[in-house]
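K.L.:
So here's input.csv (CSV, C-alpha atoms).
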```csv
chain,number,residue,atom,x,y,z
N,177,MET,CA,80.0,-70.9,-20.1
N,178,SER,CA,79.7,-67.1,-20.3
N,179,THR,CA,78.4,-64.8,-17.7
N,180,ALA,CA,76.5,-61.5,-18.2
N,181,LEU,CA,75.4,-58.9,-15.7
N,182,PHE,CA,71.7,-58.5,-15.2
N,183,LEU,CA,70.7,-55.0,-14.2
N,184,SER,CA,67.3,-54.3,-12.7
N,185,SER,CA,65.3,-51.2,-13.3
N,186,ALA,CA,65.9,-50.0,-9.8
N,187,GLU,CA,69.7,-50.5,-10.1
N,188,ILE,CA,69.7,-48.7,-13.5
N,189,ALA,CA,67.9,-45.7,-12.0
N,190,GLU,CA,70.7,-45.2,-9.5
N,191,LEU,CA,73.6,-45.6,-11.9
N,192,ALA,CA,73.5,-42.2,-13.8
N,193,ARG,CA,71.8,-38.8,-13.7
N,194,PRO,CA,69.8,-37.8,-16.7
N,195,ASP,CA,72.5,-35.4,-17.9
N,196,GLU,CA,75.1,-38.1,-17.9
N,197,TYR,CA,73.4,-39.9,-20.8
N,198,VAL,CA,74.1,-37.1,-23.2
N,199,ASP,CA,77.8,-37.6,-23.9
N,200,PRO,CA,77.5,-41.4,-24.5
N,201,VAL,CA,74.6,-40.9,-26.8
N,202,ARG,CA,76.4,-38.2,-28.7
N,203,ALA,CA,79.4,-40.5,-29.1
N,204,GLY,CA,77.0,-43.2,-30.4
N,205,TYR,CA,75.6,-41.0,-33.1
N,206,ARG,CA,79.1,-39.9,-34.1
N,207,GLU,CA,79.9,-43.6,-34.6
N,208,ARG,CA,76.8,-43.9,-36.8
N,209,GLY,CA,78.1,-40.9,-38.7
N,210,HIS,CA,81.3,-42.8,-39.4
N,211,GLY,CA,79.3,-45.8,-40.7
N,212,ALA,CA,78.4,-47.9,-37.6
N,213,PRO,CA,75.5,-50.3,-38.6
N,214,ALA,CA,72.0,-49.6,-37.3
N,215,GLU,CA,68.6,-50.6,-38.4
N,216,PRO,CA,65.2,-49.0,-37.7
N,217,ARG,CA,62.6,-50.7,-35.6
N,218,THR,CA,60.6,-53.6,-36.7
N,219,THR,CA,57.1,-53.8,-35.1
N,220,LEU,CA,54.8,-56.8,-35.2
N,221,PHE,CA,51.1,-56.1,-34.3
N,222,SER,CA,48.6,-58.4,-32.6
N,223,ASP,CA,44.9,-57.9,-32.8
N,224,ALA,CA,43.7,-60.3,-30.2
N,225,PRO,CA,44.9,-59.5,-27.7
N,226,ALA,CA,45.8,-56.0,-29.0
N,227,GLY,CA,49.5,-55.2,-28.7
N,228,MET,CA,52.8,-54.8,-30.4
N,229,LEU,CA,56.2,-56.4,-30.2
N,230,THR,CA,59.1,-54.1,-31.3
N,231,GLY,CA,62.8,-54.5,-31.7
N,232,TYR,CA,65.8,-52.6,-33.2
N,233,LEU,CA,69.5,-53.1,-33.4
N,234,ALA,CA,72.9,-51.3,-33.6
N,235,ILE,CA,76.6,-52.2,-33.5
N,236,LEU,CA,78.8,-49.5,-32.0
N,237,PRO,CA,82.4,-50.9,-32.1
N,238,GLU,CA,84.1,-47.8,-30.6
N,239,THR,CA,81.6,-47.7,-27.7
N,240,GLY,CA,82.2,-51.4,-27.3
N,241,ALA,CA,78.7,-52.8,-27.5
N,242,MET,CA,76.1,-54.1,-29.9
N,243,GLY,CA,72.5,-55.0,-29.2
N,244,GLY,CA,69.2,-53.3,-29.0
N,245,TYR,CA,65.7,-53.0,-27.4
N,246,THR,CA,63.0,-55.5,-27.6
N,247,TYR,CA,59.8,-54.5,-26.0
N,248,ALA,CA,56.2,-55.6,-25.7
N,249,ALA,CA,53.4,-53.1,-25.2
N,250,GLY,CA,49.7,-53.5,-24.8
N,251,PHE,CA,48.4,-57.0,-24.8
N,252,ASP,CA,46.3,-58.2,-21.9
N,253,ASP,CA,48.2,-56.4,-19.1
N,254,ARG,CA,48.0,-53.1,-20.9
N,255,ASP,CA,51.6,-52.2,-20.0
N,256,ALA,CA,55.0,-52.3,-21.6
N,257,HIS,CA,58.1,-54.4,-20.8
N,258,PHE,CA,61.6,-53.6,-22.1
N,259,ALA,CA,64.5,-56.1,-22.5
N,260,LEU,CA,67.9,-54.8,-23.5
N,261,PRO,CA,70.7,-57.2,-24.2
N,262,ILE,CA,74.2,-56.0,-25.2
N,263,PHE,CA,77.1,-58.0,-26.5
N,264,ASP,CA,80.8,-57.5,-26.9
N,265,PRO,CA,81.3,-56.4,-30.6
N,266,ASP,CA,84.7,-58.2,-30.8
N,267,SER,CA,84.0,-61.6,-29.2
N,268,GLY,CA,80.2,-61.6,-29.6
N,269,THR,CA,79.8,-62.7,-26.0
N,270,PRO,CA,76.9,-61.3,-23.9
N,271,LEU,CA,77.9,-58.4,-21.6
N,272,SER,CA,74.6,-57.5,-19.9
N,273,LEU,CA,70.9,-57.9,-19.9
N,274,LEU,CA,69.1,-54.7,-18.7
N,275,ASP,CA,65.5,-54.2,-17.6
N,276,GLY,CA,65.4,-51.2,-19.7
N,277,ALA,CA,62.2,-49.3,-18.8
N,278,SER,CA,63.7,-46.8,-16.3
N,279,MET,CA,66.4,-45.7,-18.7
N,280,ASN,CA,64.0,-45.0,-21.6
N,281,PRO,CA,63.2,-41.3,-21.0
N,282,HIS,CA,66.8,-40.6,-20.2
N,283,LYS,CA,68.3,-42.1,-23.3
N,284,THR,CA,65.5,-40.7,-25.5
N,285,GLY,CA,66.0,-37.3,-23.8
N,286,ALA,CA,69.7,-37.5,-24.4
N,287,ALA,CA,69.1,-38.1,-28.2
N,288,GLY,CA,66.8,-35.0,-28.3
N,289,ALA,CA,69.5,-33.0,-26.5
N,290,VAL,CA,72.2,-34.0,-29.0
N,291,GLY,CA,69.9,-32.9,-31.8
N,292,VAL,CA,69.2,-29.6,-30.1
N,293,ASP,CA,73.0,-29.1,-29.6
N,294,ALA,CA,73.7,-29.9,-33.2
N,295,LEU,CA,70.9,-27.9,-34.8
N,296,ALA,CA,69.5,-25.2,-32.5
N,297,PRO,CA,70.7,-21.6,-32.3
N,298,VAL,CA,73.6,-21.4,-29.9
N,299,ASP,CA,71.9,-18.5,-28.1
N,300,ALA,CA,68.5,-20.1,-27.7
N,301,SER,CA,66.9,-18.9,-24.6
N,302,ASP,CA,63.2,-19.6,-24.9
N,303,LEU,CA,62.0,-23.3,-25.1
N,304,ALA,CA,58.5,-24.6,-25.8
N,305,VAL,CA,57.6,-28.1,-24.6
N,306,ILE,CA,54.4,-29.7,-25.8
N,307,GLY,CA,53.6,-32.7,-23.6
N,308,SER,CA,53.9,-33.2,-19.9
N,309,GLY,CA,54.6,-36.8,-19.4
N,310,THR,CA,57.7,-38.8,-18.5
N,311,GLN,CA,59.1,-38.4,-22.0
N,312,ALA,CA,58.6,-34.6,-21.9
N,313,ARG,CA,60.4,-34.5,-18.5
N,314,GLY,CA,63.3,-36.5,-20.0
N,315,GLN,CA,63.6,-34.2,-23.0
N,316,LEU,CA,63.6,-31.1,-20.9
N,317,ARG,CA,66.1,-32.4,-18.3
N,318,ALA,CA,68.6,-33.4,-21.0
N,319,THR,CA,68.1,-30.4,-23.3
N,320,ALA,CA,68.6,-27.9,-20.4
N,321,THR,CA,72.2,-29.2,-20.2
N,322,VAL,CA,73.1,-28.1,-23.8
N,323,ARG,CA,71.4,-24.7,-23.9
N,324,ALA,CA,71.1,-22.0,-21.2
N,325,PHE,CA,67.3,-21.4,-21.4
N,326,ASP,CA,65.8,-18.5,-19.5
N,327,ARG,CA,62.2,-19.5,-20.0
N,328,VAL,CA,60.3,-22.7,-20.7
N,329,GLU,CA,56.6,-22.7,-21.6
N,330,VAL,CA,54.8,-26.1,-21.4
N,331,TYR,CA,51.5,-27.0,-22.8
N,332,SER,CA,49.5,-30.2,-22.6
N,333,PRO,CA,45.7,-30.6,-22.9
N,334,THR,CA,45.1,-31.4,-19.2
N,335,GLN,CA,45.6,-28.2,-17.2
N,336,SER,CA,46.6,-30.0,-14.0
N,337,HIS,CA,49.2,-32.0,-15.8
N,338,ARG,CA,50.9,-29.0,-17.3
N,339,GLN,CA,50.8,-27.1,-14.0
N,340,GLU,CA,52.3,-30.1,-12.1
N,341,PHE,CA,55.0,-30.3,-14.8
N,342,ALA,CA,55.8,-26.6,-14.5
N,343,ALA,CA,56.0,-26.7,-10.7
N,344,GLU,CA,58.2,-29.8,-10.7
N,345,MET,CA,60.6,-28.5,-13.4
N,346,ASN,CA,60.8,-25.0,-11.7
N,347,GLU,CA,62.3,-26.7,-8.7
N,348,GLU,CA,64.9,-28.5,-10.8
N,349,LEU,CA,66.0,-26.0,-13.4
N,350,ASP,CA,67.5,-22.5,-13.4
N,351,ALA,CA,65.0,-21.5,-16.1
N,352,THR,CA,61.6,-20.2,-15.3
N,353,VAL,CA,59.0,-22.9,-16.3
N,354,ALA,CA,55.5,-21.8,-16.9
N,355,ALA,CA,52.3,-23.6,-17.9
N,356,VAL,CA,50.4,-22.0,-20.8
N,357,ALA,CA,46.9,-22.5,-22.1
N,358,SER,CA,47.6,-23.5,-25.7
N,359,SER,CA,50.3,-24.9,-27.9
N,360,ALA,CA,50.2,-21.6,-29.8
N,361,ALA,CA,51.1,-19.7,-26.7
N,362,ALA,CA,54.1,-22.0,-26.1
N,363,VAL,CA,55.4,-21.9,-29.6
N,364,GLU,CA,55.0,-18.1,-30.1
N,365,GLY,CA,58.5,-16.6,-29.8
N,366,ALA,CA,60.2,-19.9,-28.9
N,367,ASP,CA,63.8,-20.6,-30.1
N,368,VAL,CA,63.4,-24.3,-29.6
N,369,VAL,CA,60.2,-26.4,-29.7
N,370,ILE,CA,60.1,-30.0,-28.3
N,371,THR,CA,57.1,-32.2,-28.9
N,372,ALA,CA,56.9,-35.2,-26.6
N,373,THR,CA,53.4,-36.6,-27.3
N,374,ASN,CA,51.6,-39.6,-28.8
N,375,ALA,CA,49.5,-37.3,-31.0
N,376,ASP,CA,47.8,-38.5,-34.1
N,377,GLU,CA,47.3,-35.0,-35.4
N,378,PRO,CA,49.7,-32.0,-35.5
N,379,VAL,CA,50.1,-30.3,-32.2
N,380,PHE,CA,50.9,-26.8,-33.5
N,381,ASP,CA,50.7,-24.7,-36.7
N,382,GLY,CA,54.0,-24.7,-38.6
N,383,GLU,CA,53.2,-21.2,-39.8
N,384,MET,CA,53.9,-20.0,-36.3
N,385,LEU,CA,57.5,-21.0,-36.3
N,386,GLU,CA,59.7,-17.9,-36.5
N,387,PRO,CA,62.9,-18.0,-38.7
N,388,GLY,CA,65.7,-19.6,-36.9
N,389,THR,CA,63.5,-22.0,-34.7
N,390,HIS,CA,64.6,-25.5,-34.0
N,391,VAL,CA,62.0,-28.3,-33.5
N,392,THR,CA,62.7,-31.7,-31.9
N,393,ALA,CA,59.9,-34.2,-32.4
N,394,MET,CA,60.1,-37.5,-30.5
N,395,GLY,CA,56.6,-38.8,-31.0
N,396,GLN,CA,57.2,-39.9,-34.6
N,397,TYR,CA,57.5,-43.6,-34.2
N,398,HIS,CA,54.5,-44.9,-36.2
N,399,PRO,CA,53.0,-43.9,-39.6
N,400,GLY,CA,49.9,-42.8,-37.8
N,401,LYS,CA,51.7,-40.6,-35.3
N,402,ARG,CA,51.9,-37.1,-36.6
N,403,GLU,CA,53.0,-34.4,-34.2
N,404,LEU,CA,54.2,-32.0,-37.0
N,405,ASP,CA,52.1,-30.6,-39.8
N,406,THR,CA,53.2,-30.6,-43.4
N,407,THR,CA,54.1,-26.9,-43.2
N,408,THR,CA,56.7,-27.6,-40.6
N,409,ILE,CA,58.2,-30.4,-42.6
N,410,GLU,CA,58.2,-28.3,-45.8
N,411,ARG,CA,59.8,-25.3,-44.1
N,412,ALA,CA,62.5,-27.2,-42.3
N,413,THR,CA,65.9,-28.5,-42.8
N,414,TYR,CA,64.9,-32.1,-41.9
N,415,VAL,CA,67.3,-34.3,-40.0
N,416,PRO,CA,66.2,-37.7,-38.7
N,417,ASP,CA,68.0,-40.0,-36.3
N,418,LEU,CA,68.2,-42.7,-38.9
N,419,ARG,CA,67.4,-42.1,-42.6
N,420,ALA,CA,66.1,-45.6,-43.2
N,421,ARG,CA,63.1,-45.1,-40.8
N,422,VAL,CA,61.7,-41.9,-42.3
N,423,THR,CA,59.5,-43.8,-44.9
N,424,ARG,CA,58.7,-46.6,-42.4
N,425,ASP,CA,57.5,-45.0,-39.2
N,426,ALA,CA,58.2,-41.2,-39.2
N,427,GLY,CA,54.5,-40.3,-39.4
N,428,SER,CA,54.8,-36.6,-40.1
N,429,PHE,CA,57.3,-37.0,-42.9
N,430,ILE,CA,55.3,-39.9,-44.4
N,431,HIS,CA,52.2,-37.7,-44.4
N,432,ALA,CA,54.0,-34.8,-46.0
N,433,VAL,CA,55.2,-37.2,-48.8
N,434,GLU,CA,51.7,-38.5,-49.3
N,435,GLU,CA,50.4,-34.9,-49.5
N,436,GLY,CA,53.0,-34.2,-52.2
N,437,VAL,CA,54.6,-31.4,-50.2
N,438,VAL,CA,58.1,-33.1,-50.1
N,439,ASP,CA,59.8,-36.2,-51.4
N,440,GLU,CA,62.5,-38.4,-50.0
N,441,ASP,CA,65.2,-36.0,-51.2
N,442,HIS,CA,63.9,-33.5,-48.5
N,443,VAL,CA,65.9,-35.6,-45.9
N,444,HIS,CA,68.9,-33.3,-45.4
N,445,ALA,CA,71.1,-35.7,-43.5
N,446,GLU,CA,71.1,-38.1,-40.5
N,447,LEU,CA,72.1,-36.7,-37.2
N,448,GLY,CA,75.3,-38.6,-37.2
N,449,GLU,CA,76.3,-37.1,-40.5
N,450,VAL,CA,75.9,-33.7,-39.1
N,451,LEU,CA,77.9,-34.5,-36.0
N,452,VAL,CA,80.9,-35.7,-37.9
N,453,GLY,CA,80.8,-32.8,-40.4
N,454,ASP,CA,79.7,-34.8,-43.5
N,455,ALA,CA,76.7,-32.6,-43.8
N,456,PRO,CA,76.0,-29.1,-42.5
N,457,GLY,CA,73.5,-28.5,-39.8
N,458,ARG,CA,72.3,-24.9,-39.4
N,459,GLU,CA,73.7,-22.9,-42.3
N,460,SER,CA,71.9,-19.7,-41.7
N,461,PRO,CA,70.5,-17.9,-38.6
N,462,ASP,CA,67.1,-18.0,-40.3
N,463,ASP,CA,67.0,-21.7,-40.9
N,464,ILE,CA,64.2,-23.7,-39.4
N,465,THR,CA,65.5,-27.1,-38.4
N,466,VAL,CA,63.7,-30.3,-37.4
N,467,PHE,CA,65.3,-33.3,-35.6
N,468,ASP,CA,63.0,-36.3,-36.0
N,469,SER,CA,63.9,-38.4,-33.0
N,470,GLY,CA,61.6,-41.4,-33.3
N,471,GLY,CA,64.0,-43.8,-31.5
N,472,THR,CA,66.9,-46.0,-32.6
N,473,ALA,CA,69.1,-48.6,-31.0
N,474,ILE,CA,72.0,-46.1,-31.4
N,475,GLU,CA,71.1,-44.2,-28.2
N,476,THR,CA,69.9,-47.4,-26.5
N,477,VAL,CA,73.1,-49.3,-27.0
N,478,ALA,CA,75.3,-46.3,-26.2
N,479,ALA,CA,73.4,-45.7,-22.9
N,480,ALA,CA,73.4,-49.4,-22.0
N,481,ARG,CA,77.2,-49.6,-22.3
N,482,MET,CA,77.6,-46.6,-20.1
N,483,LEU,CA,75.3,-48.1,-17.5
N,484,TYR,CA,77.1,-51.5,-17.7
N,485,ASP,CA,80.5,-49.9,-17.1
N,486,ARG,CA,79.1,-48.0,-14.1
N,487,ALA,CA,77.5,-51.1,-12.7
N,488,VAL,CA,80.8,-53.1,-13.0
N,489,GLU,CA,82.7,-50.2,-11.2
N,490,ALA,CA,80.0,-50.0,-8.5
N,491,GLY,CA,79.7,-53.7,-8.0
N,492,VAL,CA,76.0,-53.9,-8.6
N,493,GLY,CA,74.0,-56.3,-10.7
N,494,GLU,CA,73.6,-60.1,-10.7
N,495,GLU,CA,75.7,-62.4,-12.8
N,496,ILE,CA,73.8,-64.8,-14.9
N,497,ASP,CA,75.0,-67.7,-17.1
N,498,PHE,CA,74.8,-67.9,-20.8
N,499,ALA,CA,75.9,-71.1,-22.6
N,500,PRO,CA,77.5,-70.6,-26.0
N,501,ALA,CA,75.8,-72.5,-28.8
N,502,SER,CA,78.8,-74.9,-29.1
N,503,GLU,CA,78.2,-75.9,-25.5
N,504,ALA,CA,74.5,-75.8,-25.3
N,505,MET,CA,73.9,-77.7,-28.5
N,506,GLY,CA,76.9,-80.0,-28.2
N,507,SER,CA,77.3,-82.4,-31.0
N,508,ASN,CA,73.6,-82.5,-31.7
```
Starting from the file, give its structure as structure tokens.
P.N.:
Amino acid sequence: MSTALFLSSAEIAELARPDEYVDPVRAGYRERGHGAPAEPRTTLFSDAPAGMLTGYLAILPETGAMGGYTYAAGFDDRDAHFALPIFDPDSGTPLSLLDGASMNPHKTGAAGAVGVDALAPVDASDLAVIGSGTQARGQLRATATVRAFDRVEVYSPTQSHRQEFAAEMNEELDATVAAVASSAAAVEGADVVITATNADEPVFDGEMLEPGTHVTAMGQYHPGKRELDTTTIERATYVPDLRARVTRDAGSFIHAVEEGVVDEDHVHAELGEVLVGDAPGRESPDDITVFDSGGTAIETVAAARMLYDRAVEAGVGEEIDFAPASEAMGSN
């Protein structure tokens, strides 16, 4: 019999600050750059009741974990539920089962921050955030740890939402955070642009991007999701989190290919390849760069191992039994 540690969402929320996800996630992507296995998400759709079941996987030997998210969203309860098992990559035994919802914006925000750190101008001081939900907060909190922003402009369609976001983030960050009335006002003059939406249509005009701007897009997780226009994709040095997913679920890239603006050779490199020096990131101060952060098990497994280690040290979590197949199935 093996034991694993079950970590509840409430326990996970107390184990690490948002900024403490960045280094483990960076290490996970460096492992990917050295060849660690990872596969893009697989999503199964249901029509009645409407919903989707999604899963993705990664093995990170140096981190000391393998596993990945499985989550259900929609269906009759119109909600989402995240289960995250991780296993020891040497023995194959289960280490932990995490109720993974509360960590989601932190691990995703950390991936965005790693992309900004690898690709954005080192002196970036003006940040545009398009979106004002939980994921936008996660992106901003993490990204503010890798660049010293003086000013942040946030736009989302609902005025009260963007104003609440600005007020909250002003209390947390050293930067001045202001709500603006349009995405164009946010993007104008920005050194870094973050899109954290579920938009089906582009949320800004790529012609507005000044030379040297970096864009991190995290709402590119379905062929129908399209935060970035074809102009942005065409102008940019395009770096995804995982190359294999760009023709499967990176909506803006898929649309640009369908429009004949780019082809698959437009993929510059994976983030991990940039991190380990196998591909250059920003080669010129005038480069426009895009990090397409649609989500992988790389950041998920890396973050989960960090949380598991902290839980063991803190003595939190509940031990649960897992029977190995040789025991559970016996001679049958």
K.L.:
In Å, how far is it from CA of Ser222 (chain N) to CA of Phe251 (chain N)?
P.N.:
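According to the coordinates, CA of Ser222 (chain N) and CA of Phe251 (chain N) are separated by 7.9 Å.
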K.L.:
Nearest residue to Pro387 (chain N) out of N:Thr413, N:Asn346, N:Thr472, N:Thr179, using only C-alpha atoms?
P.N.:
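Checking each of N:Thr413, N:Asn346, N:Thr472, N:Thr179 against Pro387 (chain N), counting only C-alpha atoms, the winner is N:Thr413.
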K.L.:
Can you measure CA of Phe380 (chain N) to CA of Ala366 (chain N) for me? One decimal in Å is fine.
P.N.:
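Going from CA of Phe380 (chain N) over to CA of Ala366 (chain N) covers 12.5 Å.
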K.L.:
Between N:Val492, N:Leu451, N:Ala318, N:Ile235, which one has atoms that come closest to Ala203 (chain N), using all atoms listed in the file?
P.N.:
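Of the candidates, the smallest distance to Ala203 (chain N) is held by N:Leu451.
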K.L.:
Between N:Gln315, N:Thr406, N:Thr423, N:Thr371, which is the closest to Glu435 (chain N) once you count all atoms listed in the file?
P.N.:
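When distances to Glu435 (chain N) are compared using all atoms listed in the file, the smallest one comes from N:Thr406.
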K.L.:
Excluding same-chain residues fewer than 4 positions from region 286-301 of chain N, what lies within 6 Å of it counting all atoms listed in the file, as JSON, numbers by chain?
P.N.:
{"N": [197, 198, 202, 282, 318, 319, 322, 325, 326, 367, 390, 457, 458, 467]}
K.L.:
Which value, in Å to one decimal, gives the distance between CA of Asp264 (chain N) and CA of Gly491 (chain N)?
P.N.:
19.3 Å
K.L.:
Which is closer to Met482 (chain N) than all the others in N:Glu187, N:Asp425, N:Asp199, N:Asp454, using only C-alpha atoms?
P.N.:
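With only C-alpha atoms as the atom set, the closest residue is N:Asp199.
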K.L.:
Hey, which of N:Thr373, N:Gln335, N:Thr465, N:Asn280 ends up closest to Leu385 (chain N)? Count all atoms listed in the file.
P.N.:
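Answer, going by the shortest atom-to-atom distance: N:Thr465.
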K.L.:
Please determine the residues with any atom at most 6 Å from (48.8, -55.2, -27.2) (coordinates as given in the file, with only C-alpha atoms counting) and report them as a list of chain:residue names.
P.N.:
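Residues found, by chain and rising number: N:Pro225, N:Ala226, N:Gly227, N:Met228, N:Ala249, N:Gly250, N:Phe251.
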K.L.:
Tell me which of N:Val356, N:Ala445, N:Ala212, N:Leu349 sits closest to His337 (chain N), counting only C-alpha atoms.
P.N.:
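When distances to His337 (chain N) are compared using only C-alpha atoms, the smallest one comes from N:Val356.
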K.L.:
Please list as a list of chain:residue names every residue within 9 Å of Tyr414 (chain N), counting only C-alpha atoms and excluding residues in the same chain fewer than 3 positions away.
P.N.:
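Listed by chain and then number, they are N:Ile409, N:Glu410, N:Arg411, N:His442, N:Val443, N:His444, N:Ala445, N:Glu446, N:Ile464, N:Thr465, N:Val466, N:Phe467, N:Asp468.
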K.L.:
Using only C-alpha atoms and a cutoff of 10 Å, can you tell me which residues are near (70.3, -56.5, -16.8) in the file's coordinates, and write them out as number ranges by chain?
P.N.:
N: 180-185, 187-188, 259-262, 271-276, 480, 483-484, 487, 493-496
K.L.:
With 5 Å added on each side, what axis-aligned box encloses every listed atom of region 360-374 of chain N? Give the centre and edge lengths in Å to one decimal, as JSON.
P.N.:
```
{"center_x": 57.0, "center_y": -28.1, "center_z": -28.1, "size_x": 23.6, "size_y": 33.0, "size_z": 14.0}
```
K.L.:
Can you pull out every residue within 8 Å of Arg481 (chain N), counting all atoms listed in the file, but drop anything in the same chain fewer than 5 positions away, and send it as a list in words?
P.N.:
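Skipping anything fewer than 5 positions along the chain leaves Thr239, Gly240, Ala241 and Ile262 of chain N.
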K.L.:
Residues near Ala504 (chain N), anyone? I mean within 12 Å using only C-alpha atoms, not counting same-chain ones fewer than 6 positions away, as an MDAnalysis selection string.
P.N.:
chainID N and resid 177:178 497:498
K.L.:
If you count all atoms listed in the file, which residues fall within 8 Å of Val452 (chain N), apart from same-chain ones fewer than 5 positions away, as a PyMOL selection string?
P.N.:
chain N and resi 206+209-210
